[in-house]
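S.K.: Sending over data-v5.pdb (PDB, C-alpha atoms).
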ATOM      1  CA  MET N 228     -45.389 -79.758  21.457
ATOM      2  CA  LEU N 229     -44.048 -76.278  21.816
ATOM      3  CA  ALA N 230     -43.064 -75.405  18.306
ATOM      4  CA  SER N 231     -41.236 -72.128  18.281
ATOM      5  CA  ASN N 232     -41.586 -69.550  15.584
ATOM      6  CA  ALA N 233     -39.685 -66.340  15.345
ATOM      7  CA  PRO N 234     -41.516 -63.334  16.745
ATOM      8  CA  GLY N 235     -43.218 -61.411  14.018
ATOM      9  CA  PHE N 236     -46.334 -59.682  12.805
ATOM     10  CA  ILE N 237     -49.377 -61.654  11.791
ATOM     11  CA  VAL N 238     -51.032 -58.496  10.522
ATOM     12  CA  LYS N 239     -49.037 -55.501   9.367
ATOM     13  CA  THR N 240     -50.971 -53.085   7.220
ATOM     14  CA  ILE N 241     -50.873 -49.383   6.589
ATOM     15  CA  SER N 242     -53.646 -47.248   5.196
ATOM     16  CA  GLU N 243     -54.292 -43.582   4.643
ATOM     17  CA  SER N 244     -57.285 -41.312   4.739
ATOM     18  CA  THR N 245     -56.497 -39.397   1.581
ATOM     19  CA  ASP N 246     -54.164 -39.429  -1.369
ATOM     20  CA  ILE N 247     -54.662 -35.774  -2.197
ATOM     21  CA  ALA N 248     -51.464 -33.773  -2.557
ATOM     22  CA  ASP N 249     -50.604 -31.170   0.039
ATOM     23  CA  GLN N 250     -53.256 -32.366   2.482
ATOM     24  CA  ASP N 251     -53.098 -33.687   6.004
ATOM     25  CA  ASN N 252     -53.295 -37.441   5.823
ATOM     26  CA  ILE N 253     -54.316 -39.732   8.665
ATOM     27  CA  MET N 254     -52.098 -42.773   8.524
ATOM     28  CA  THR N 255     -53.152 -45.938  10.326
ATOM     29  CA  VAL N 256     -50.801 -48.822  10.967
ATOM     30  CA  LYS N 257     -52.526 -51.991  12.120
ATOM     31  CA  LEU N 258     -50.445 -54.617  13.836
ATOM     32  CA  ARG N 259     -51.080 -58.032  15.270
ATOM     33  CA  THR N 260     -48.261 -60.079  16.655
ATOM     34  CA  ASN N 261     -47.625 -63.711  17.325
ATOM     35  CA  PHE N 262     -46.115 -62.907  20.668
ATOM     36  CA  LEU N 263     -47.065 -61.045  23.777
ATOM     37  CA  VAL N 264     -46.080 -57.414  23.486
ATOM     38  CA  ARG N 265     -45.300 -56.002  26.863
ATOM     39  CA  ASP N 266     -45.882 -52.431  27.807
ATOM     40  CA  GLY N 267     -42.872 -50.296  27.097
ATOM     41  CA  SER N 268     -42.196 -51.951  23.776
ATOM     42  CA  THR N 269     -41.144 -49.589  21.040
ATOM     43  CA  VAL N 270     -42.627 -49.711  17.564
ATOM     44  CA  THR N 271     -40.690 -48.223  14.687
ATOM     45  CA  VAL N 272     -42.363 -47.349  11.401
ATOM     46  CA  SER N 273     -39.805 -46.370   8.805
ATOM     47  CA  ALA N 274     -39.403 -45.355   5.179
ATOM     48  CA  LEU N 275     -42.469 -43.140   5.087
ATOM     49  CA  MET N 276     -40.711 -40.980   2.571
ATOM     50  CA  GLY N 277     -41.991 -37.856   0.920
ATOM     51  CA  SER N 278     -44.076 -36.373   3.679
ATOM     52  CA  GLN N 279     -43.941 -32.660   4.305
ATOM     53  CA  SER N 280     -44.230 -33.119   8.068
ATOM     54  CA  ALA N 281     -41.171 -31.699   9.790
ATOM     55  CA  ASP N 282     -39.141 -33.394  12.509
ATOM     56  CA  ASN N 283     -41.026 -33.571  15.760
ATOM     57  CA  THR N 284     -39.994 -35.155  19.042
ATOM     58  CA  THR N 285     -43.466 -34.740  20.484
ATOM     59  CA  PHE N 286     -45.341 -36.202  17.587
ATOM     60  CA  ALA N 287     -48.975 -36.955  18.409
ATOM     61  CA  VAL N 288     -49.904 -40.581  17.928
ATOM     62  CA  ILE N 289     -53.222 -42.223  18.691
ATOM     63  CA  ILE N 290     -53.011 -45.833  19.726
ATOM     64  CA  SER N 291     -56.053 -48.005  20.094
ATOM     65  CA  GLY N 292     -56.517 -51.646  20.806
ATOM     66  CA  GLU N 293     -54.160 -52.003  23.688
ATOM     67  CA  ILE N 294     -55.358 -53.761  26.744
ATOM     68  CA  GLY N 295     -56.368 -51.131  29.250
ATOM     69  CA  GLU N 296     -54.986 -53.080  32.120
ATOM     70  CA  PHE N 297     -53.046 -56.216  31.772
ATOM     71  CA  ARG N 298     -55.356 -58.268  33.875
ATOM     72  CA  PHE N 299     -54.994 -61.824  34.773
ATOM     73  CA  GLN N 300     -57.761 -64.153  35.501
ATOM     74  CA  ARG N 301     -56.798 -65.671  38.743
ATOM     75  CA  PHE N 302     -57.968 -69.064  39.706
ATOM     76  CA  SER N 303     -57.170 -70.489  43.040
ATOM     77  CA  PHE N 304     -58.006 -73.382  45.179
ATOM     78  CA  CYS N 305     -56.809 -74.493  48.495
ATOM     79  CA  ALA N 306     -56.180 -77.931  49.688
ATOM     80  CA  VAL N 307     -57.444 -78.992  53.019
ATOM     81  CA  ILE N 308     -55.764 -81.693  54.875
ATOM     82  CA  LEU N 309     -57.472 -83.075  57.851
ATOM     83  CA  PHE N 310     -55.321 -84.525  60.460
ATOM     84  CA  GLY N 311     -57.539 -86.783  62.436
ATOM     85  CA  SER N 312     -55.713 -88.284  65.319
ATOM     86  CA  ASN N 313     -58.883 -89.656  66.712
ATOM     87  CA  THR N 314     -58.509 -92.178  69.373
ATOM     88  CA  VAL N 315     -61.325 -93.819  71.133
ATOM     89  CA  SER N 316     -60.891 -95.302  74.469
ATOM     90  CA  SER N 317     -63.435 -96.835  76.611
TER      91      SER N 317
ATOM     92  CA  MET T 257     -64.088 -91.831  78.576
ATOM     93  CA  CYS T 258     -63.829 -90.406  75.292
ATOM     94  CA  SER T 259     -60.630 -88.696  74.521
ATOM     95  CA  CYS T 260     -61.455 -87.663  71.005
ATOM     96  CA  LYS T 261     -59.528 -84.803  69.673
ATOM     97  CA  HIS T 262     -61.096 -82.363  67.356
ATOM     98  CA  PRO T 263     -59.736 -82.788  63.944
ATOM     99  CA  THR T 264     -57.183 -80.256  63.011
ATOM    100  CA  SER T 265     -57.342 -78.664  59.589
ATOM    101  CA  ARG T 266     -54.415 -77.083  58.008
ATOM    102  CA  TYR T 267     -54.618 -75.024  54.890
ATOM    103  CA  LEU T 268     -51.902 -75.180  52.408
ATOM    104  CA  PRO T 269     -50.911 -71.935  50.757
ATOM    105  CA  LYS T 270     -53.209 -71.071  47.911
ATOM    106  CA  ILE T 271     -52.026 -72.079  44.492
ATOM    107  CA  PHE T 272     -52.715 -69.625  41.723
ATOM    108  CA  PHE T 273     -53.010 -70.210  38.054
ATOM    109  CA  GLU T 274     -52.808 -67.226  35.796
ATOM    110  CA  GLN T 275     -53.776 -66.772  32.203
ATOM    111  CA  HIS T 276     -54.367 -63.839  29.963
ATOM    112  CA  ASN T 277     -57.873 -62.548  29.913
ATOM    113  CA  PRO T 278     -58.985 -62.488  26.273
ATOM    114  CA  TYR T 279     -61.929 -60.324  27.194
ATOM    115  CA  ALA T 280     -59.972 -57.582  28.850
ATOM    116  CA  PRO T 281     -61.147 -54.181  27.637
ATOM    117  CA  THR T 282     -59.113 -52.270  25.136
ATOM    118  CA  ARG T 283     -58.660 -48.549  25.134
ATOM    119  CA  THR T 284     -57.537 -45.665  23.015
ATOM    120  CA  GLY T 285     -54.997 -43.121  24.063
ATOM    121  CA  GLU T 286     -52.699 -40.431  22.759
ATOM    122  CA  ARG T 287     -48.967 -40.889  22.924
ATOM    123  CA  LEU T 288     -46.024 -38.810  21.932
ATOM    124  CA  GLY T 289     -43.707 -40.281  19.381
ATOM    125  CA  LYS T 290     -40.641 -39.098  17.531
ATOM    126  CA  TRP T 291     -40.954 -38.278  13.857
ATOM    127  CA  THR T 292     -37.936 -37.856  11.592
ATOM    128  CA  GLN T 293     -38.806 -36.478   8.203
ATOM    129  CA  SER T 294     -35.582 -37.280   6.361
ATOM    130  CA  THR T 295     -35.884 -41.004   7.022
ATOM    131  CA  GLY T 296     -39.644 -41.099   7.293
ATOM    132  CA  THR T 297     -39.356 -42.755  10.677
ATOM    133  CA  LEU T 298     -41.835 -42.750  13.522
ATOM    134  CA  ILE T 299     -40.840 -44.204  16.879
ATOM    135  CA  VAL T 300     -43.530 -44.667  19.484
ATOM    136  CA  THR T 301     -43.566 -46.575  22.730
ATOM    137  CA  LEU T 302     -46.502 -48.681  23.765
ATOM    138  CA  GLN T 303     -47.568 -48.186  27.313
ATOM    139  CA  GLN T 304     -49.785 -51.168  27.568
ATOM    140  CA  THR T 305     -49.944 -54.681  26.321
ATOM    141  CA  ILE T 306     -51.019 -56.445  23.165
ATOM    142  CA  LEU T 307     -52.118 -60.015  23.394
ATOM    143  CA  PRO T 308     -50.680 -62.428  20.880
ATOM    144  CA  GLN T 309     -52.779 -63.846  18.068
ATOM    145  CA  THR T 310     -56.010 -62.159  19.107
ATOM    146  CA  GLY T 311     -55.083 -58.645  20.084
ATOM    147  CA  SER T 312     -54.231 -55.966  17.596
ATOM    148  CA  VAL T 313     -53.260 -52.366  17.821
ATOM    149  CA  ASP T 314     -53.942 -49.415  15.547
ATOM    150  CA  ILE T 315     -51.347 -46.672  15.454
ATOM    151  CA  SER T 316     -52.694 -43.510  13.852
ATOM    152  CA  PHE T 317     -50.949 -40.262  13.123
ATOM    153  CA  ILE T 318     -51.171 -37.366  10.705
ATOM    154  CA  LEU T 319     -48.621 -36.660   8.008
ATOM    155  CA  ARG T 320     -48.748 -33.914   5.455
ATOM    156  CA  ASN T 321     -48.827 -35.302   1.968
ATOM    157  CA  ALA T 322     -46.252 -34.252  -0.572
ATOM    158  CA  ALA T 323     -47.046 -31.181  -2.634
ATOM    159  CA  ALA T 324     -47.027 -33.221  -5.826
ATOM    160  CA  ALA T 325     -47.608 -36.797  -6.814
ATOM    161  CA  GLN T 326     -44.777 -39.193  -6.118
ATOM    162  CA  ALA T 327     -44.098 -42.891  -6.163
ATOM    163  CA  SER T 328     -45.548 -44.601  -3.143
ATOM    164  CA  PRO T 329     -42.795 -45.453  -0.663
ATOM    165  CA  ALA T 330     -42.316 -48.910   0.845
ATOM    166  CA  PRO T 331     -42.773 -48.381   4.578
ATOM    167  CA  LYS T 332     -41.603 -50.938   7.130
ATOM    168  CA  VAL T 333     -42.413 -51.717  10.723
ATOM    169  CA  GLY T 334     -40.256 -53.274  13.396
ATOM    170  CA  MET T 335     -39.961 -53.799  17.104
ATOM    171  CA  VAL T 336     -37.289 -54.881  19.492
ATOM    172  CA  GLY T 337     -36.631 -58.465  18.575
ATOM    173  CA  VAL T 338     -38.524 -58.160  15.308
ATOM    174  CA  PRO T 339     -36.553 -56.974  12.298
ATOM    175  CA  PRO T 340     -38.210 -54.412  10.038
ATOM    176  CA  GLN T 341     -40.853 -55.943   7.837
ATOM    177  CA  ALA T 342     -42.650 -54.396   4.885
ATOM    178  CA  LEU T 343     -46.046 -52.973   5.614
ATOM    179  CA  VAL T 344     -48.886 -53.968   3.342
ATOM    180  CA  GLY T 345     -50.515 -50.972   1.752
ATOM    181  CA  SER T 346     -49.857 -48.018  -0.493
ATOM    182  CA  VAL T 347     -49.605 -44.585   1.066
ATOM    183  CA  LEU T 348     -48.208 -41.108   0.509
ATOM    184  CA  SER T 349     -48.455 -41.188  -3.248
ATOM    185  CA  SER T 350     -50.343 -37.888  -3.313
ATOM    186  CA  GLY T 351     -51.721 -38.865  -6.664
ATOM    187  CA  GLY T 352     -55.395 -38.335  -6.047
ATOM    188  CA  THR T 353     -57.764 -35.531  -6.875
ATOM    189  CA  ALA T 354     -60.067 -34.102  -4.260
ATOM    190  CA  SER T 355     -63.628 -35.055  -4.869
ATOM    191  CA  LEU T 356     -66.873 -35.921  -3.217
ATOM    192  CA  GLY T 357     -67.412 -39.493  -4.162
ATOM    193  CA  SER T 358     -70.949 -39.551  -2.941
ATOM    194  CA  VAL T 359     -73.467 -36.794  -2.422
ATOM    195  CA  VAL T 360     -76.964 -37.741  -1.413
ATOM    196  CA  VAL T 361     -79.771 -35.400  -0.502
ATOM    197  CA  GLU T 362     -83.043 -36.401   1.054
ATOM    198  CA  GLU T 363     -86.087 -34.370   2.030
ATOM    199  CA  SER T 364     -88.579 -35.002   4.759
ATOM    200  CA  GLY T 365     -91.566 -34.106   2.658
ATOM    201  CA  ASN T 366     -92.773 -32.481  -0.533
ATOM    202  CA  VAL T 367     -96.019 -30.930   0.589
ATOM    203  CA  VAL T 368     -96.566 -27.375  -0.589
ATOM    204  CA  LYS T 369     -96.152 -24.604   1.966
ATOM    205  CA  GLN T 370     -94.792 -27.010   4.563
ATOM    206  CA  GLU T 371     -91.384 -27.000   6.137
ATOM    207  CA  ASN T 372     -89.068 -29.503   4.640
ATOM    208  CA  THR T 373     -85.944 -30.902   6.265
ATOM    209  CA  LEU T 374     -83.192 -31.524   3.791
ATOM    210  CA  THR T 375     -80.455 -33.988   4.697
ATOM    211  CA  PHE T 376     -77.196 -34.059   2.793
ATOM    212  CA  ARG T 377     -74.712 -36.883   3.067
ATOM    213  CA  PHE T 378     -71.191 -36.536   1.741
ATOM    214  CA  LYS T 379     -68.386 -38.982   1.313
ATOM    215  CA  ALA T 380     -65.077 -37.338   0.547
ATOM    216  CA  ASN T 381     -61.728 -38.835  -0.344
ATOM    217  CA  MET T 382     -59.960 -36.430   1.985
ATOM    218  CA  PRO T 383     -60.503 -35.513   5.617
ATOM    219  CA  ILE T 384     -63.012 -32.777   6.209
ATOM    220  CA  MET T 385     -61.325 -31.076   9.115
ATOM    221  CA  GLN T 386     -62.668 -28.622  11.603
ATOM    222  CA  ASP T 387     -63.518 -25.227  10.140
ATOM    223  CA  ALA T 388     -64.127 -26.725   6.751
ATOM    224  CA  ILE T 389     -66.889 -24.889   4.931
ATOM    225  CA  ILE T 390     -69.468 -26.804   2.989
ATOM    226  CA  ILE T 391     -71.333 -24.740   0.457
ATOM    227  CA  ILE T 392     -74.674 -25.899  -0.776
ATOM    228  CA  SER T 393     -76.045 -23.904  -3.648
ATOM    229  CA  GLY T 394     -78.855 -24.039  -6.095
ATOM    230  CA  LEU T 395     -81.575 -24.499  -3.508
ATOM    231  CA  THR T 396     -83.961 -22.333  -5.430
ATOM    232  CA  GLY T 397     -87.678 -22.287  -5.166
ATOM    233  CA  ARG T 398     -88.068 -22.204  -1.444
ATOM    234  CA  GLN T 399     -90.813 -20.079   0.102
ATOM    235  CA  GLU T 400     -88.880 -17.267   1.761
ATOM    236  CA  ALA T 401     -91.054 -16.900   4.820
ATOM    237  CA  CYS T 402     -90.930 -20.461   5.913
ATOM    238  CA  ALA T 403     -87.869 -20.210   8.119
ATOM    239  CA  ASN T 404     -88.055 -16.554   9.153
ATOM    240  CA  GLU T 405     -84.940 -15.691   7.254
ATOM    241  CA  GLY T 406     -86.406 -13.319   4.755
ATOM    242  CA  ILE T 407     -84.781 -12.960   1.399
ATOM    243  CA  VAL T 408     -81.233 -14.279   1.280
ATOM    244  CA  ALA T 409     -79.461 -11.171   0.149
ATOM    245  CA  ALA T 410     -76.023 -11.962   1.535
ATOM    246  CA  ASP T 411     -74.054 -14.873   2.887
ATOM    247  CA  PHE T 412     -75.004 -15.853   6.376
ATOM    248  CA  THR T 413     -74.732 -18.856   8.620
ATOM    249  CA  LYS T 414     -77.663 -20.478  10.286
ATOM    250  CA  THR T 415     -77.109 -23.019  13.011
ATOM    251  CA  LEU T 416     -79.475 -25.910  12.864
ATOM    252  CA  PRO T 417     -78.699 -28.363  15.604
ATOM    253  CA  PRO T 418     -76.568 -30.294  15.405
ATOM    254  CA  LYS T 419     -75.267 -29.130  12.050
ATOM    255  CA  GLU T 420     -74.239 -25.769  10.719
ATOM    256  CA  ILE T 421     -75.165 -24.897   7.196
ATOM    257  CA  LYS T 422     -73.891 -21.964   5.237
ATOM    258  CA  PHE T 423     -76.330 -20.355   2.865
ATOM    259  CA  VAL T 424     -74.933 -18.503  -0.089
ATOM    260  CA  GLY T 425     -76.877 -15.515  -1.216
ATOM    261  CA  SER T 426     -77.482 -14.692  -4.810
ATOM    262  CA  ALA T 427     -75.069 -12.215  -6.351
TER     263      ALA T 427
END
So, in terms of structure tokens, how does the structure I just supplied come out?

M.R.:
Amino acid sequence: MLASNAPGFIVKTISESTDIADQDNIMTVKLRTNFLVRDGSTVTVSALMGSQSADNTTFAVIISGEIGEFRFQRFSFCAVILFGSNTVSS
Amino acid sequence: MCSCKHPTSRYLPKIFFEQHNPYAPTRTGERLGKWTQSTGTLIVTLQQTILPQTGSVDISFILRNAAAAQASPAPKVGMVGVPPQALVGSVLSSGGTASLGSVVVEESGNVVKQENTLTFRFKANMPIMQDAIIIISGLTGRQEACANEGIVAADFTKTLPPKEIKFVGSA
């Protein structure tokens, strides 16, 4: 049976390295999905209100956990058909 | 007379089956996202793939905490095809006080007139970034000649691989 669920996040947590005011804070968002996320997908984290960090279109983000190369295991087999048109004559 | 013909073999085109490799290596990389302060929104594009169920991804970035304590916001996360969902966790409250939660010091030996390696371990509740200065004081009673430093009359820095320790001289 191919029961279909809506695409969503199995794990969606956010944590921080410090809660000290006026300090740089390393935020980490951990995600796990119930669907295959293709390269080129865009993730949007919103409502992180109150930060002093100014707008930045080249905002440095470290992403870990992605598959380095989307590799497939490839299995193959070939079928051999023997055509034996053997005839024996004496 | 035998008129046997050699059997002829014909190969069908290979048939491939493909499946995701659950053991494919993961990697870490830096990306450039777009941060909008007024809405607290970060948009970043993944350049690789995340496997369903088993694979997970960590997205890390640095934000400057508010100058004063505030109520923790309720951040959300979404993707194309996935409406924004609330993230689990409390962040950006800026309500903490800087402290060293754990300070442990160990020495390699306590034999008189012998060199003694002291090891300090710190656990802080805030990042200790590059150029941070750690001051260790109160290390009185050491034999001055043991490390060829003479009397500590002024602040100086001694590099002890792989760490750098700043000694603070007495006033």

S.K.: Distance atom CA of Gly311 of chain T-atom CA of Gly345 of chain T, one decimal place?

M.R.: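 Computed distance, atom CA of Gly311 of chain T to atom CA of Gly345 of chain T, equals 20.4 Å.
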
S.K.: Return as CSV the residues of segment 310-414 of chain T lying at most 7 Å from segment 284-293 of chain N, together with the closest atom-to-atom pair for each and the distance in Å to one decimal, counting only C-alpha atoms, with rows in chain order and ascending residue number.

M.R.:
residue,atom,partner,partner_atom,distance
T:Ser312,CA,N:Gly292,CA,5.8
T:Val313,CA,N:Gly292,CA,4.5
T:Asp314,CA,N:Ser291,CA,5.2
T:Ile315,CA,N:Ile290,CA,4.7
T:Ser316,CA,N:Ile289,CA,5.0
T:Phe317,CA,N:Val288,CA,4.9

S.K.: Using C-alpha atoms, can you write the selected residues to a file as a PDB file, keeping the file's coordinate frame?

M.R.:
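Saved file part-v7.pdb follows:
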ATOM      1  CA  SER T 312     -54.231 -55.966  17.596  1.00  0.00           C
ATOM      2  CA  VAL T 313     -53.260 -52.366  17.821  1.00  0.00           C
ATOM      3  CA  ASP T 314     -53.942 -49.415  15.547  1.00  0.00           C
ATOM      4  CA  ILE T 315     -51.347 -46.672  15.454  1.00  0.00           C
ATOM      5  CA  SER T 316     -52.694 -43.510  13.852  1.00  0.00           C
ATOM      6  CA  PHE T 317     -50.949 -40.262  13.123  1.00  0.00           C
TER       7      PHE T 317
END

S.K.: Neighbouring residues of Ala248 of chain N were defined as those with any atom within 9 Å, considering all atoms listed in the file; residues of the same chain fewer than 3 positions away were excluded. Please report them as a list in words.

M.R.: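 With the cut-off at 9 Å, the set is Thr245 and Asp251 of chain N; Arg320, Asn321, Ala322, Ala323, Ala324, Ala325, Leu348, Ser349, Ser350, Gly351, Gly352, Thr353 and Ala354 of chain T.
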
S.K.: Could you work out how far atom CA of Arg287 of chain T lies from atom CA of Lys379 of chain T, giving the answer in Å with one decimal?

M.R.: 29.1 Å

S.K.: Which residues match the PyMOL selection byres ((chain N and resi 235-240) around 12) in the file above, as a ChimeraX atom specification?

M.R.: /N:231-234,241-243,254-264,270,272 /T:306,308-316,330-347

S.K.: Give me, please, the distance in Å between atom CA of Thr301 of chain T and atom CA of Gly289 of chain T, quoted to one decimal.

M.R.: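 Distance between the two atoms: 7.1 Å.
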
S.K.: Using all atoms listed in the file, which of the listed residues (N:Ser244, N:Thr271, N:Ser278, N:Gln250) sits closest to Pro329 of chain T?

M.R.: N:Ser278

S.K.: Restricting the calculation to only C-alpha atoms: of T:Thr375, T:Thr297, T:Thr305, T:Thr284, which residue gets closest to Ser273 of chain N?

M.R.: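 For Ser273 of chain N, the nearest of the given residues is T:Thr297.
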
S.K.: Go through T:Val359, T:Ile390, T:Ala380, T:Leu374 and flag the residue nearest chain N, using all atoms listed in the file for the distances.

M.R.: T:Ala380
